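Content type mmCIF, C-alpha atoms, from the file entry.cif:
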data_run
#
loop_
_atom_site.label_atom_id
_atom_site.label_comp_id
_atom_site.auth_asym_id
_atom_site.auth_seq_id
_atom_site.Cartn_x
_atom_site.Cartn_y
_atom_site.Cartn_z
CA MET A 19 84.21 100.37 118.77
CA THR A 20 85.06 103.59 116.98
CA LYS A 21 88.74 103.90 116.13
CA VAL A 22 90.00 107.44 115.71
CA LEU A 23 93.38 108.12 114.13
CA LEU A 24 94.86 111.57 114.66
CA VAL A 25 97.94 112.42 112.58
CA CYS A 26 99.98 115.48 113.53
CA SER A 27 103.28 116.98 112.46
CA ARG A 28 106.21 117.16 114.87
CA ASP A 29 105.23 120.72 115.77
CA GLY A 30 101.72 119.59 116.76
CA CYS A 31 99.84 120.73 113.66
CA LEU A 32 96.94 118.59 112.53
CA LYS A 33 97.64 116.75 109.28
CA SER A 34 94.66 114.38 109.16
CA CYS A 35 92.02 112.66 111.21
CA SER A 36 89.87 109.62 110.55
CA ALA A 37 87.19 107.81 112.50
CA LYS A 38 85.75 104.46 111.59
CA GLY A 39 83.32 102.13 113.28
CA HIS A 40 80.50 102.43 115.74
CA ALA A 41 80.58 103.01 119.48
CA PHE A 42 77.81 100.44 120.17
CA PHE A 43 77.01 102.09 123.49
CA ALA A 44 73.30 102.15 122.70
CA ALA A 45 70.85 101.50 119.88
CA LYS A 46 71.16 103.38 116.60
CA GLY A 47 69.85 106.89 117.04
CA LYS A 48 70.25 106.78 120.85
CA ASP A 49 74.01 106.33 121.14
CA ILE A 50 75.37 109.26 123.18
CA VAL A 51 78.98 108.21 122.61
CA CYS A 52 78.55 108.17 118.85
CA ALA A 53 76.80 111.54 119.02
CA ALA A 54 79.64 113.02 121.07
CA GLU A 55 82.31 111.68 118.70
CA THR A 56 80.44 112.99 115.69
CA SER A 57 79.91 116.39 117.27
CA LEU A 58 83.59 116.77 118.13
CA LEU A 59 84.89 115.75 114.73
CA ARG A 60 82.31 117.68 112.70
CA THR A 61 82.95 120.81 114.76
CA ALA A 62 86.71 120.53 114.12
CA LEU A 63 86.03 119.96 110.43
CA SER A 64 83.67 122.93 110.25
CA VAL A 65 86.21 125.27 111.85
CA LEU A 66 88.87 124.17 109.37
CA GLN A 67 86.51 124.54 106.40
CA LYS A 68 85.95 128.16 107.39
CA THR A 69 89.66 128.92 107.73
CA LYS A 70 91.21 130.80 104.82
CA GLY A 71 94.42 129.25 103.56
CA ILE A 72 93.45 125.68 104.41
CA ASN A 73 92.22 123.16 101.86
CA LEU A 74 90.62 119.97 103.08
CA GLY A 75 90.17 116.58 101.59
CA CYS A 76 87.14 114.98 103.20
CA ASP A 77 85.46 111.59 102.92
CA ALA A 78 82.27 110.58 104.68
CA SER A 79 81.08 108.24 101.95
CA GLU A 80 80.47 105.28 104.26
CA ARG A 81 78.15 105.20 107.24
CA GLY A 82 80.22 105.16 110.39
CA SER A 83 83.29 106.79 108.88
CA LEU A 84 84.69 110.27 108.54
CA ALA A 85 88.15 111.20 107.32
CA PHE A 86 89.76 114.51 106.50
CA SER A 87 93.22 115.71 105.60
CA VAL A 88 94.69 119.19 105.71
CA GLN A 89 96.63 121.02 103.01
CA VAL A 90 97.99 124.47 103.85
CA GLU A 91 98.15 126.92 100.93
CA CYS A 92 100.76 129.18 102.51
CA HIS A 93 102.40 128.47 105.85
CA SER A 94 101.93 131.10 108.52
CA ALA A 95 102.16 131.28 112.29
CA GLU A 96 98.41 131.94 112.46
CA LEU A 97 97.50 128.83 110.44
CA ALA A 98 99.96 126.70 112.39
CA GLU A 99 98.35 127.81 115.65
CA ARG A 100 94.87 127.06 114.27
CA LEU A 101 96.01 123.54 113.31
CA ARG A 102 97.64 122.94 116.71
CA CYS A 103 94.50 124.09 118.51
CA THR A 104 92.30 121.89 116.33
CA ALA A 105 94.52 118.88 117.02
CA ASP A 106 94.37 119.67 120.76
CA PHE A 107 90.58 119.94 120.58
CA ILE A 108 90.22 116.55 118.88
CA ARG A 109 92.82 114.89 121.14
CA GLU A 110 91.27 116.18 124.36
CA GLY A 111 87.68 115.47 123.32
CA ILE A 112 88.23 111.96 122.00
CA SER A 113 90.63 111.09 124.87
CA SER A 114 87.99 112.13 127.37
CA LEU A 115 85.40 109.91 125.68
CA SER A 116 87.87 107.05 125.50
CA GLN A 117 88.60 107.30 129.22
CA GLU A 118 84.92 107.35 130.12
CA TYR A 119 83.84 104.72 127.56
CA PRO A 120 86.95 102.58 126.90
CA ALA A 121 84.99 99.79 125.23
CA CYS A 122 83.47 102.25 122.76
CA VAL A 123 86.26 104.59 121.61
CA LEU A 124 89.94 104.15 120.85
CA LEU A 125 92.26 107.06 119.98
CA LYS A 126 95.56 106.48 118.25
CA GLU A 127 97.91 109.34 117.45
CA ILE A 128 100.78 109.35 114.97
CA ILE A 129 103.43 112.06 114.83
CA GLU A 130 105.02 112.48 111.38
#
Show this structure as structure tokens.
Amino acid sequence: MTKVLLVCSRDGCLKSCSAKGHAFFAAKGKDIVCAAETSLLRTALSVLQKTKGINLGCDASERGSLAFSVQVECHSAELAERLRCTADFIREGISSLSQEYPACVLLKEIIE
């Protein structure tokens, strides 16, 4: 099972996200659940990497794991909205997978 931890601030802004484990829906290289999880998280990460004013710490050093944390250089309404939307994107995407494949994906969210 892949365990995804989404950490957001009280105002809904993404602070960090990590995913660890394997979905084990199908054989390596044919696992549609793993591919969907990876696509969602890498897309969110890519959007944040291209956003001016956001610095990311990222770790994908182990197979089956991805973690990233967000540091905002200068707080603005525009950056806050980007971080809320990114959190919503991850939450909705991973929740949908978890509902359809509950034995493969678990989402936990922490509000700090």
Identify, on the basis of only C-alpha atoms, every residue whose closest approach to stretch 56-64 of chain A does not exceed 12 Å; exclude the query and any residue fewer than 6 positions from it along the same chain; express the result as an mmCIF file with C-alpha atoms, keeping the file's coordinate frame.
data_model
loop_
_atom_site.group_PDB
_atom_site.id
_atom_site.type_symbol
_atom_site.label_atom_id
_atom_site.label_comp_id
_atom_site.auth_asym_id
_atom_site.auth_seq_id
_atom_site.Cartn_x
_atom_site.Cartn_y
_atom_site.Cartn_z
ATOM 1 C CA THR A 20 85.060 103.590 116.980
ATOM 2 C CA VAL A 22 90.000 107.440 115.710
ATOM 3 C CA LEU A 23 93.380 108.120 114.130
ATOM 4 C CA LEU A 24 94.860 111.570 114.660
ATOM 5 C CA LEU A 32 96.940 118.590 112.530
ATOM 6 C CA SER A 34 94.660 114.380 109.160
ATOM 7 C CA CYS A 35 92.020 112.660 111.210
ATOM 8 C CA SER A 36 89.870 109.620 110.550
ATOM 9 C CA ALA A 37 87.190 107.810 112.500
ATOM 10 C CA LYS A 38 85.750 104.460 111.590
ATOM 11 C CA GLY A 39 83.320 102.130 113.280
ATOM 12 C CA HIS A 40 80.500 102.430 115.740
ATOM 13 C CA ALA A 41 80.580 103.010 119.480
ATOM 14 C CA ASP A 49 74.010 106.330 121.140
ATOM 15 C CA ILE A 50 75.370 109.260 123.180
ATOM 16 C CA ILE A 72 93.450 125.680 104.410
ATOM 17 C CA ASN A 73 92.220 123.160 101.860
ATOM 18 C CA LEU A 74 90.620 119.970 103.080
ATOM 19 C CA GLY A 75 90.170 116.580 101.590
ATOM 20 C CA CYS A 76 87.140 114.980 103.200
ATOM 21 C CA ASP A 77 85.460 111.590 102.920
ATOM 22 C CA ALA A 78 82.270 110.580 104.680
ATOM 23 C CA ARG A 81 78.150 105.200 107.240
ATOM 24 C CA GLY A 82 80.220 105.160 110.390
ATOM 25 C CA SER A 83 83.290 106.790 108.880
ATOM 26 C CA LEU A 84 84.690 110.270 108.540
ATOM 27 C CA ALA A 85 88.150 111.200 107.320
ATOM 28 C CA PHE A 86 89.760 114.510 106.500
ATOM 29 C CA SER A 87 93.220 115.710 105.600
ATOM 30 C CA VAL A 88 94.690 119.190 105.710
ATOM 31 C CA ARG A 100 94.870 127.060 114.270
ATOM 32 C CA LEU A 101 96.010 123.540 113.310
ATOM 33 C CA ARG A 102 97.640 122.940 116.710
ATOM 34 C CA CYS A 103 94.500 124.090 118.510
ATOM 35 C CA THR A 104 92.300 121.890 116.330
ATOM 36 C CA ALA A 105 94.520 118.880 117.020
ATOM 37 C CA ASP A 106 94.370 119.670 120.760
ATOM 38 C CA PHE A 107 90.580 119.940 120.580
ATOM 39 C CA ILE A 108 90.220 116.550 118.880
ATOM 40 C CA ARG A 109 92.820 114.890 121.140
ATOM 41 C CA GLU A 110 91.270 116.180 124.360
ATOM 42 C CA GLY A 111 87.680 115.470 123.320
ATOM 43 C CA ILE A 112 88.230 111.960 122.000
ATOM 44 C CA SER A 113 90.630 111.090 124.870
ATOM 45 C CA SER A 114 87.990 112.130 127.370
ATOM 46 C CA LEU A 115 85.400 109.910 125.680
ATOM 47 C CA VAL A 123 86.260 104.590 121.610
#
Extending 8 Å beyond the listed atoms of stretch 45-61 of chain A on each side, what axis-aligned box results? I want centre and edge lengths in Å to one decimal, as lines of an AutoDock Vina configuration file.
center_x = 77.4
center_y = 111.2
center_z = 117.9
size_x = 31.0
size_y = 35.3
size_z = 26.5
TODO: Figure out the distance between atom CA of A:Leu125 and atom CA of A:Ala95, please, to one decimal in Å.
DONE: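 About the pair atom CA of A:Ala95 and atom CA of A:Leu125: they are 27.3 Å apart.
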Open item on the list: Using Å and a single decimal, report how far atom CA of A:Lys21 sits from atom CA of A:Gln89.
Closed with: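 We find that atom CA of A:Gln89 and atom CA of A:Lys21 lie 23.0 Å from each other.
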Open item on the list: (76.1, 101.9, 123.0) in this file's frame - what residues fall within 12 Å of it? Use all atoms listed in the file and give the answer as a PyMOL selection string.
Closed with: chain A and resi 19-20+40-54+119-123
Create the file for the chosen residues now, containing C-alpha atoms and written as a PDB file, in the coordinates of the input.
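Ended up saving to result-v8.pdb:
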ATOM      1  CA  MET A  19      84.210 100.370 118.770  1.00  0.00           C
ATOM      2  CA  THR A  20      85.060 103.590 116.980  1.00  0.00           C
ATOM      3  CA  HIS A  40      80.500 102.430 115.740  1.00  0.00           C
ATOM      4  CA  ALA A  41      80.580 103.010 119.480  1.00  0.00           C
ATOM      5  CA  PHE A  42      77.810 100.440 120.170  1.00  0.00           C
ATOM      6  CA  PHE A  43      77.010 102.090 123.490  1.00  0.00           C
ATOM      7  CA  ALA A  44      73.300 102.150 122.700  1.00  0.00           C
ATOM      8  CA  ALA A  45      70.850 101.500 119.880  1.00  0.00           C
ATOM      9  CA  LYS A  46      71.160 103.380 116.600  1.00  0.00           C
ATOM     10  CA  GLY A  47      69.850 106.890 117.040  1.00  0.00           C
ATOM     11  CA  LYS A  48      70.250 106.780 120.850  1.00  0.00           C
ATOM     12  CA  ASP A  49      74.010 106.330 121.140  1.00  0.00           C
ATOM     13  CA  ILE A  50      75.370 109.260 123.180  1.00  0.00           C
ATOM     14  CA  VAL A  51      78.980 108.210 122.610  1.00  0.00           C
ATOM     15  CA  CYS A  52      78.550 108.170 118.850  1.00  0.00           C
ATOM     16  CA  ALA A  53      76.800 111.540 119.020  1.00  0.00           C
ATOM     17  CA  ALA A  54      79.640 113.020 121.070  1.00  0.00           C
ATOM     18  CA  TYR A 119      83.840 104.720 127.560  1.00  0.00           C
ATOM     19  CA  PRO A 120      86.950 102.580 126.900  1.00  0.00           C
ATOM     20  CA  ALA A 121      84.990  99.790 125.230  1.00  0.00           C
ATOM     21  CA  CYS A 122      83.470 102.250 122.760  1.00  0.00           C
ATOM     22  CA  VAL A 123      86.260 104.590 121.610  1.00  0.00           C
TER      23      VAL A 123
END
TODO: Enter the distance from atom CA of A:Glu130 to atom CA of A:Ser27, in Å, rounded to one decimal.
DONE: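 Result for atom CA of A:Glu130 versus atom CA of A:Ser27: 4.9 Å, one decimal.
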Could you pull stretch 80-96 of chain A out of the block above and give me all heavy atoms, as a PDB file, in the first residue's frame?
ATOM      1  N   GLU A  80      14.807   7.107  -2.672  1.00  0.00           N
ATOM      2  CA  GLU A  80      14.486   5.681  -2.570  1.00  0.00           C
ATOM      3  C   GLU A  80      13.389   5.323  -3.558  1.00  0.00           C
ATOM      4  O   GLU A  80      12.452   6.090  -3.761  1.00  0.00           O
ATOM      5  CB  GLU A  80      13.993   5.343  -1.163  1.00  0.00           C
ATOM      6  CG  GLU A  80      15.023   5.495  -0.082  1.00  0.00           C
ATOM      7  CD  GLU A  80      14.434   5.142   1.275  1.00  0.00           C
ATOM      8  OE1 GLU A  80      13.654   4.176   1.359  1.00  0.00           O
ATOM      9  OE2 GLU A  80      14.764   5.841   2.238  1.00  0.00           O
ATOM     10  N   ARG A  81      13.491   4.157  -4.132  1.00  0.00           N
ATOM     11  CA  ARG A  81      12.432   3.672  -5.015  1.00  0.00           C
ATOM     12  C   ARG A  81      11.151   3.535  -4.205  1.00  0.00           C
ATOM     13  O   ARG A  81      11.145   3.019  -3.106  1.00  0.00           O
ATOM     14  CB  ARG A  81      12.834   2.334  -5.621  1.00  0.00           C
ATOM     15  CG  ARG A  81      11.819   1.829  -6.624  1.00  0.00           C
ATOM     16  CD  ARG A  81      12.444   0.785  -7.541  1.00  0.00           C
ATOM     17  NE  ARG A  81      11.482   0.195  -8.413  1.00  0.00           N
ATOM     18  CZ  ARG A  81      10.971   0.786  -9.488  1.00  0.00           C
ATOM     19  NH1 ARG A  81      11.355   1.993  -9.809  1.00  0.00           N
ATOM     20  NH2 ARG A  81      10.100   0.166 -10.251  1.00  0.00           N
ATOM     21  N   GLY A  82      10.070   4.029  -4.742  1.00  0.00           N
ATOM     22  CA  GLY A  82       8.791   3.929  -4.051  1.00  0.00           C
ATOM     23  C   GLY A  82       8.554   5.032  -3.042  1.00  0.00           C
ATOM     24  O   GLY A  82       7.651   4.935  -2.225  1.00  0.00           O
ATOM     25  N   SER A  83       9.337   6.114  -3.145  1.00  0.00           N
ATOM     26  CA  SER A  83       9.096   7.231  -2.221  1.00  0.00           C
ATOM     27  C   SER A  83       9.338   8.566  -2.929  1.00  0.00           C
ATOM     28  O   SER A  83      10.184   8.680  -3.811  1.00  0.00           O
ATOM     29  CB  SER A  83       9.977   7.124  -0.982  1.00  0.00           C
ATOM     30  OG  SER A  83      11.311   7.407  -1.291  1.00  0.00           O
ATOM     31  N   LEU A  84       8.542   9.530  -2.534  1.00  0.00           N
ATOM     32  CA  LEU A  84       8.682  10.889  -3.024  1.00  0.00           C
ATOM     33  C   LEU A  84       8.222  11.803  -1.901  1.00  0.00           C
ATOM     34  O   LEU A  84       7.151  11.586  -1.321  1.00  0.00           O
ATOM     35  CB  LEU A  84       7.823  11.127  -4.272  1.00  0.00           C
ATOM     36  CG  LEU A  84       7.737  12.560  -4.790  1.00  0.00           C
ATOM     37  CD1 LEU A  84       9.099  13.051  -5.256  1.00  0.00           C
ATOM     38  CD2 LEU A  84       6.734  12.667  -5.916  1.00  0.00           C
ATOM     39  N   ALA A  85       9.017  12.793  -1.582  1.00  0.00           N
ATOM     40  CA  ALA A  85       8.643  13.755  -0.552  1.00  0.00           C
ATOM     41  C   ALA A  85       9.080  15.137  -0.994  1.00  0.00           C
ATOM     42  O   ALA A  85      10.137  15.294  -1.599  1.00  0.00           O
ATOM     43  CB  ALA A  85       9.304  13.398   0.778  1.00  0.00           C
ATOM     44  N   PHE A  86       8.227  16.121  -0.718  1.00  0.00           N
ATOM     45  CA  PHE A  86       8.618  17.493  -0.985  1.00  0.00           C
ATOM     46  C   PHE A  86       7.988  18.423   0.039  1.00  0.00           C
ATOM     47  O   PHE A  86       6.926  18.151   0.569  1.00  0.00           O
ATOM     48  CB  PHE A  86       8.299  17.926  -2.420  1.00  0.00           C
ATOM     49  CG  PHE A  86       6.876  17.766  -2.860  1.00  0.00           C
ATOM     50  CD1 PHE A  86       5.959  18.802  -2.708  1.00  0.00           C
ATOM     51  CD2 PHE A  86       6.457  16.589  -3.455  1.00  0.00           C
ATOM     52  CE1 PHE A  86       4.655  18.662  -3.142  1.00  0.00           C
ATOM     53  CE2 PHE A  86       5.147  16.439  -3.896  1.00  0.00           C
ATOM     54  CZ  PHE A  86       4.239  17.474  -3.740  1.00  0.00           C
ATOM     55  N   SER A  87       8.730  19.493   0.329  1.00  0.00           N
ATOM     56  CA  SER A  87       8.250  20.504   1.265  1.00  0.00           C
ATOM     57  C   SER A  87       8.370  21.871   0.612  1.00  0.00           C
ATOM     58  O   SER A  87       9.224  22.088  -0.253  1.00  0.00           O
ATOM     59  CB  SER A  87       9.043  20.455   2.566  1.00  0.00           C
ATOM     60  OG  SER A  87      10.405  20.686   2.315  1.00  0.00           O
ATOM     61  N   VAL A  88       7.508  22.773   1.041  1.00  0.00           N
ATOM     62  CA  VAL A  88       7.396  24.082   0.414  1.00  0.00           C
ATOM     63  C   VAL A  88       7.918  25.164   1.353  1.00  0.00           C
ATOM     64  O   VAL A  88       7.580  25.185   2.539  1.00  0.00           O
ATOM     65  CB  VAL A  88       5.913  24.377   0.083  1.00  0.00           C
ATOM     66  CG1 VAL A  88       5.751  25.773  -0.489  1.00  0.00           C
ATOM     67  CG2 VAL A  88       5.354  23.326  -0.857  1.00  0.00           C
ATOM     68  N   GLN A  89       8.719  26.053   0.801  1.00  0.00           N
ATOM     69  CA  GLN A  89       9.160  27.260   1.497  1.00  0.00           C
ATOM     70  C   GLN A  89       8.792  28.449   0.608  1.00  0.00           C
ATOM     71  O   GLN A  89       9.159  28.475  -0.566  1.00  0.00           O
ATOM     72  CB  GLN A  89      10.676  27.240   1.729  1.00  0.00           C
ATOM     73  CG  GLN A  89      11.141  26.156   2.652  1.00  0.00           C
ATOM     74  CD  GLN A  89      10.710  26.416   4.087  1.00  0.00           C
ATOM     75  OE1 GLN A  89      10.462  27.553   4.471  1.00  0.00           O
ATOM     76  NE2 GLN A  89      10.626  25.365   4.870  1.00  0.00           N
ATOM     77  N   VAL A  90       8.064  29.392   1.174  1.00  0.00           N
ATOM     78  CA  VAL A  90       7.652  30.574   0.416  1.00  0.00           C
ATOM     79  C   VAL A  90       8.637  31.703   0.708  1.00  0.00           C
ATOM     80  O   VAL A  90       8.918  32.005   1.864  1.00  0.00           O
ATOM     81  CB  VAL A  90       6.214  30.994   0.796  1.00  0.00           C
ATOM     82  CG1 VAL A  90       5.807  32.258   0.057  1.00  0.00           C
ATOM     83  CG2 VAL A  90       5.243  29.864   0.502  1.00  0.00           C
ATOM     84  N   GLU A  91       9.178  32.300  -0.358  1.00  0.00           N
ATOM     85  CA  GLU A  91      10.147  33.387  -0.206  1.00  0.00           C
ATOM     86  C   GLU A  91       9.489  34.647   0.347  1.00  0.00           C
ATOM     87  O   GLU A  91      10.014  35.292   1.240  1.00  0.00           O
ATOM     88  CB  GLU A  91      10.801  33.702  -1.551  1.00  0.00           C
ATOM     89  CG  GLU A  91      11.718  32.616  -2.047  1.00  0.00           C
ATOM     90  CD  GLU A  91      12.282  32.913  -3.427  1.00  0.00           C
ATOM     91  OE1 GLU A  91      12.064  34.018  -3.973  1.00  0.00           O
ATOM     92  OE2 GLU A  91      12.956  32.020  -3.965  1.00  0.00           O
ATOM     93  N   CYS A  92       8.352  34.997  -0.195  1.00  0.00           N
ATOM     94  CA  CYS A  92       7.631  36.196   0.216  1.00  0.00           C
ATOM     95  C   CYS A  92       6.134  35.903   0.099  1.00  0.00           C
ATOM     96  O   CYS A  92       5.655  35.593  -0.992  1.00  0.00           O
ATOM     97  CB  CYS A  92       8.026  37.371  -0.686  1.00  0.00           C
ATOM     98  SG  CYS A  92       7.239  38.914  -0.236  1.00  0.00           S
ATOM     99  N   HIS A  93       5.431  35.974   1.194  1.00  0.00           N
ATOM    100  CA  HIS A  93       4.009  35.639   1.187  1.00  0.00           C
ATOM    101  C   HIS A  93       3.212  36.630   0.348  1.00  0.00           C
ATOM    102  O   HIS A  93       3.401  37.835   0.429  1.00  0.00           O
ATOM    103  CB  HIS A  93       3.471  35.609   2.617  1.00  0.00           C
ATOM    104  CG  HIS A  93       4.068  34.512   3.428  1.00  0.00           C
ATOM    105  ND1 HIS A  93       3.613  33.218   3.368  1.00  0.00           N
ATOM    106  CD2 HIS A  93       5.097  34.502   4.296  1.00  0.00           C
ATOM    107  CE1 HIS A  93       4.330  32.460   4.171  1.00  0.00           C
ATOM    108  NE2 HIS A  93       5.247  33.221   4.749  1.00  0.00           N
ATOM    109  N   SER A  94       2.325  36.056  -0.478  1.00  0.00           N
ATOM    110  CA  SER A  94       1.424  36.878  -1.284  1.00  0.00           C
ATOM    111  C   SER A  94       0.130  36.102  -1.471  1.00  0.00           C
ATOM    112  O   SER A  94       0.094  34.881  -1.332  1.00  0.00           O
ATOM    113  CB  SER A  94       2.039  37.200  -2.648  1.00  0.00           C
ATOM    114  OG  SER A  94       2.069  36.041  -3.462  1.00  0.00           O
ATOM    115  N   ALA A  95      -0.924  36.833  -1.798  1.00  0.00           N
ATOM    116  CA  ALA A  95      -2.222  36.200  -2.031  1.00  0.00           C
ATOM    117  C   ALA A  95      -2.136  35.229  -3.213  1.00  0.00           C
ATOM    118  O   ALA A  95      -2.745  34.153  -3.189  1.00  0.00           O
ATOM    119  CB  ALA A  95      -3.283  37.266  -2.289  1.00  0.00           C
ATOM    120  N   GLU A  96      -1.369  35.595  -4.220  1.00  0.00           N
ATOM    121  CA  GLU A  96      -1.227  34.750  -5.415  1.00  0.00           C
ATOM    122  C   GLU A  96      -0.539  33.419  -5.073  1.00  0.00           C
ATOM    123  O   GLU A  96      -0.989  32.357  -5.497  1.00  0.00           O
ATOM    124  CB  GLU A  96      -0.431  35.488  -6.476  1.00  0.00           C
ATOM    125  CG  GLU A  96      -0.262  34.706  -7.766  1.00  0.00           C
ATOM    126  CD  GLU A  96       0.541  35.487  -8.788  1.00  0.00           C
ATOM    127  OE1 GLU A  96       0.298  36.694  -8.960  1.00  0.00           O
ATOM    128  OE2 GLU A  96       1.417  34.856  -9.419  1.00  0.00           O
TER     129      GLU A  96
END
